[in-house]
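Source file: start-v9.tsv. Holds: TSV, C-alpha atoms.
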chain	number	residue	atom	x	y	z
A	1	MET	CA	13.41	-1.01	15.26
A	2	GLU	CA	9.85	0.22	14.81
A	3	SER	CA	7.21	-2.10	16.25
A	4	CYS	CA	4.19	-0.09	15.14
A	5	LEU	CA	3.06	1.48	11.87
A	6	HIS	CA	2.09	5.13	12.36
A	7	MET	CA	-0.55	6.37	9.92
A	8	GLY	CA	-2.61	9.44	9.15
A	9	ASN	CA	-6.14	9.28	7.73
A	10	ILE	CA	-6.85	5.61	7.13
A	11	ASP	CA	-10.43	6.42	6.09
A	12	ALA	CA	-9.14	8.15	2.95
A	13	GLN	CA	-10.00	6.26	-0.23
A	14	ARG	CA	-7.47	5.98	-3.00
A	15	ASP	CA	-7.35	4.71	-6.55
A	16	TRP	CA	-4.38	2.34	-6.15
A	17	GLY	CA	-2.60	1.24	-9.29
A	18	HIS	CA	0.51	-0.71	-10.18
A	19	ALA	CA	3.50	1.12	-11.66
A	20	LYS	CA	3.85	-1.56	-14.34
A	21	ASP	CA	0.33	-0.77	-15.59
A	22	TYR	CA	1.04	2.96	-15.55
A	23	VAL	CA	4.30	2.59	-17.47
A	24	GLU	CA	2.45	0.62	-20.14
A	25	ALA	CA	-0.16	3.40	-20.32
A	26	MET	CA	2.59	6.01	-20.72
A	27	TRP	CA	4.15	3.98	-23.52
A	28	ARG	CA	0.79	3.77	-25.28
A	29	ILE	CA	0.35	7.54	-24.94
A	30	LEU	CA	3.75	8.08	-26.54
A	31	GLN	CA	2.70	5.96	-29.53
A	32	GLN	CA	-0.14	8.35	-30.42
A	33	ASP	CA	0.22	10.66	-33.42
A	34	THR	CA	-1.55	13.53	-31.69
A	35	PRO	CA	-0.79	14.59	-28.10
A	36	GLU	CA	-3.78	14.44	-25.75
A	37	ASP	CA	-4.41	14.38	-22.03
A	38	TYR	CA	-5.37	11.09	-20.41
A	39	VAL	CA	-6.32	10.03	-16.92
A	40	ILE	CA	-4.47	6.87	-16.00
A	41	ALA	CA	-6.26	5.19	-13.13
A	42	THR	CA	-8.00	1.97	-12.16
A	43	GLY	CA	-11.36	3.62	-11.51
A	44	ILE	CA	-11.62	1.63	-8.26
A	45	THR	CA	-11.18	3.06	-4.77
A	46	THR	CA	-10.09	1.28	-1.63
A	47	PRO	CA	-9.70	2.83	1.83
A	48	VAL	CA	-6.18	3.05	3.24
A	49	ARG	CA	-7.44	0.91	6.16
A	50	GLU	CA	-8.23	-1.95	3.74
A	51	PHE	CA	-4.83	-1.62	2.06
A	52	ILE	CA	-3.18	-2.00	5.48
A	53	ARG	CA	-5.41	-4.95	6.38
A	54	LEU	CA	-4.56	-6.73	3.11
A	55	ALA	CA	-0.82	-6.12	3.57
A	56	PHE	CA	-0.86	-7.66	7.05
A	57	GLU	CA	-3.01	-10.53	5.76
A	58	GLU	CA	-0.24	-11.28	3.27
A	59	VAL	CA	2.12	-12.14	6.17
A	60	GLY	CA	-0.48	-14.20	7.97
A	61	VAL	CA	-1.79	-11.55	10.35
A	62	GLU	CA	-5.50	-10.82	10.69
A	63	LEU	CA	-5.74	-7.19	11.71
A	64	GLY	CA	-8.72	-5.69	13.53
A	65	PHE	CA	-9.39	-2.04	14.28
A	66	ARG	CA	-10.78	-0.47	17.45
A	67	GLY	CA	-11.29	3.07	18.67
A	68	GLU	CA	-12.12	6.18	16.69
A	69	GLY	CA	-10.24	9.08	15.15
A	70	VAL	CA	-6.73	9.59	16.50
A	71	ASP	CA	-7.43	6.94	19.17
A	72	GLU	CA	-8.02	4.22	16.59
A	73	GLU	CA	-5.51	1.40	16.46
A	74	GLY	CA	-4.98	-1.77	14.48
A	75	TYR	CA	-4.32	-4.88	16.53
A	76	VAL	CA	-3.64	-8.57	15.87
A	77	VAL	CA	-6.82	-10.62	15.94
A	78	SER	CA	-4.93	-13.75	14.95
A	79	SER	CA	-1.58	-14.69	13.46
A	80	ASN	CA	-0.21	-17.77	11.75
A	81	GLY	CA	2.74	-17.56	14.15
A	82	GLU	CA	5.42	-17.36	11.47
A	83	TYR	CA	6.75	-14.03	12.71
A	84	GLY	CA	6.07	-14.47	16.44
A	85	ILE	CA	3.45	-11.73	16.54
A	86	GLU	CA	1.14	-12.25	19.49
A	87	ASN	CA	-2.62	-11.83	19.43
A	88	GLY	CA	-3.75	-8.46	20.77
A	89	LYS	CA	-0.49	-6.68	19.87
A	90	VAL	CA	-1.06	-3.17	18.49
A	91	LEU	CA	0.60	-2.84	15.08
A	92	VAL	CA	-1.04	0.34	13.72
A	93	LYS	CA	-1.59	3.68	15.45
A	94	ILE	CA	-3.03	6.90	14.15
A	95	ASP	CA	-0.67	9.86	14.40
A	96	PRO	CA	-2.01	13.38	13.75
A	97	ARG	CA	1.40	14.37	12.34
A	98	TYR	CA	0.57	12.28	9.27
A	99	PHE	CA	-2.73	13.97	8.47
A	100	ARG	CA	-2.39	16.06	5.33
A	101	PRO	CA	-3.40	19.72	5.76
A	102	THR	CA	-5.39	19.57	2.52
A	103	GLU	CA	-6.63	15.99	2.82
A	104	VAL	CA	-8.80	14.70	0.04
A	105	ASP	CA	-11.03	11.91	1.34
A	106	LEU	CA	-11.74	10.36	-2.06
A	107	LEU	CA	-9.32	10.12	-4.97
A	108	ILE	CA	-10.58	8.21	-7.98
A	109	GLY	CA	-9.77	8.55	-11.64
A	110	ASP	CA	-11.92	7.88	-14.69
A	111	PRO	CA	-9.79	5.86	-17.13
A	112	THR	CA	-12.52	5.63	-19.80
A	113	LYS	CA	-10.68	7.75	-22.40
A	114	ALA	CA	-7.42	5.82	-21.92
A	115	GLN	CA	-9.29	2.54	-22.23
A	116	GLU	CA	-11.18	3.60	-25.35
A	117	LYS	CA	-8.47	5.52	-27.24
A	118	LEU	CA	-5.37	3.64	-26.12
A	119	GLY	CA	-6.84	0.20	-25.59
A	120	TRP	CA	-5.30	0.29	-22.11
A	121	LYS	CA	-6.66	-1.52	-19.09
A	122	PRO	CA	-4.85	-2.26	-15.83
A	123	LYS	CA	-3.69	-5.86	-15.57
A	124	TYR	CA	-2.75	-5.88	-11.89
A	125	SER	CA	-5.34	-5.92	-9.12
A	126	LEU	CA	-4.80	-4.24	-5.76
A	127	LYS	CA	-4.23	-7.68	-4.25
A	128	ASP	CA	-1.60	-8.52	-6.91
A	129	MET	CA	0.19	-5.26	-6.15
A	130	ILE	CA	0.16	-5.85	-2.39
A	131	VAL	CA	1.47	-9.42	-2.80
A	132	GLU	CA	4.38	-8.08	-4.86
A	133	MET	CA	5.13	-5.18	-2.49
A	134	VAL	CA	5.09	-7.36	0.64
A	135	ALA	CA	7.30	-9.99	-1.03
A	136	ALA	CA	9.84	-7.28	-1.95
A	137	ASP	CA	9.83	-5.91	1.60
A	138	LEU	CA	10.26	-9.38	3.10
A	139	GLU	CA	13.21	-10.05	0.81
A	140	THR	CA	14.80	-6.76	1.89
A	141	PHE	CA	14.26	-7.64	5.57
A	142	ARG	CA	15.77	-11.12	5.08
A	143	ARG	CA	18.81	-9.64	3.34
A	144	GLU	CA	19.27	-7.03	6.09
A	145	LYS	CA	18.90	-9.66	8.82
A	146	THR	CA	21.57	-11.81	7.15
A	147	LEU	CA	23.91	-8.82	7.05
A	148	MET	CA	23.22	-7.89	10.70
A	149	ASP	CA	23.64	-11.52	11.83
A	150	SER	CA	27.04	-11.48	10.09
A	151	GLY	CA	28.13	-8.39	12.04
A	152	PHE	CA	27.47	-5.71	9.44
A	153	SER	CA	25.55	-2.54	10.18
A	154	VAL	CA	22.49	-1.72	8.11
A	155	ALA	CA	21.05	1.76	7.61
A	156	ARG	CA	17.45	1.73	8.82
A	157	GLN	CA	14.90	3.61	6.73
A	158	PHE	CA	11.42	4.15	8.13
A	159	GLU	CA	9.91	6.76	5.80

Would it be possible to restate this file's structure as structure tokens?
Amino acid sequence: MESCLHMGNIDAQRDWGHAKDYVEAMWRILQQDTPEDYVIATGITTPVREFIRLAFEEVGVELGFRGEGVDEEGYVVSSNGEYGIENGKVLVKIDPRYFRPTEVDLLIGDPTKAQEKLGWKPKYSLKDMIVEMVAADLETFRREKTLMDSGFSVARQFE
């Protein structure tokens, strides 16, 4: 089992959005009489590092970062103890294999046209999305643990 999350460029900033919001936007586009192009985005950027920090926060782990570049790592500053993760443990490492050859440091969309013409606005915040994603992962892990504890084998998927 993996004990560390290997990441590429955690300084990259992304316009994170929830699939539920984007599906609603697509539905609204399909209701239009005339086809047009729209940018569906939140218009808000957040660094990958912050996304990671918020995800760990959701399971009661305060993550700190130290080092620079490929030597940077995320470690446990404090933990609520629920998962037995000790303070100081390294949970995130930077791996050059995950750097994109054509990395774009800032990805942000301008949803103004979609908001004005479609009346669309995202309903889910980044925090809402992370809460939902972490809850789904935890449920999967609980289910897999139950199966393994009962003697069944479980296919492990890491990417």

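Look at Gln115 (chain A): the protein and nucleic acid residues within 12 Å of it, using only C-alpha atoms and passing over chain neighbours fewer than 6 places away, are Ala25, Arg28, Ile29, Tyr38, Val39, Ile40, Ala41, Thr42, Gly43, Lys121 and Pro122 of chain A.
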
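CA of Ile85 (chain A) is found 23.2 Å from CA of Gly8 (chain A).
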
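From CA of Asp137 (chain A) back to CA of Val154 (chain A), the distance works out to 14.8 Å.
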
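Minimum atom-to-atom distance to Val134 (chain A), evaluated using all atoms listed in the file, belongs to A:Glu58 out of A:Asp95, A:Glu58, A:Glu103, A:Asp15.
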
Around all listed atoms of region 14-30 of chain A, padded 8 Å per side, what centre and edge lengths does the axis-aligned box have in Å to one decimal, as JSON?
{"center_x": -1.6, "center_y": 3.3, "center_z": -14.8, "size_x": 27.8, "size_y": 25.6, "size_z": 39.5}

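These residues, each with an atom at most 8 Å from (-6.2, -0.3, 9.2) using all atoms listed in the file, are Ile10, Val48, Arg49, Glu50, Phe51, Ile52, Arg53, Leu63, Gly64, Phe65, Glu73, Gly74 and Val92 of chain A.
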
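Of note, CA of Arg97 (chain A) and CA of Val77 (chain A) are spaced 26.6 Å apart.
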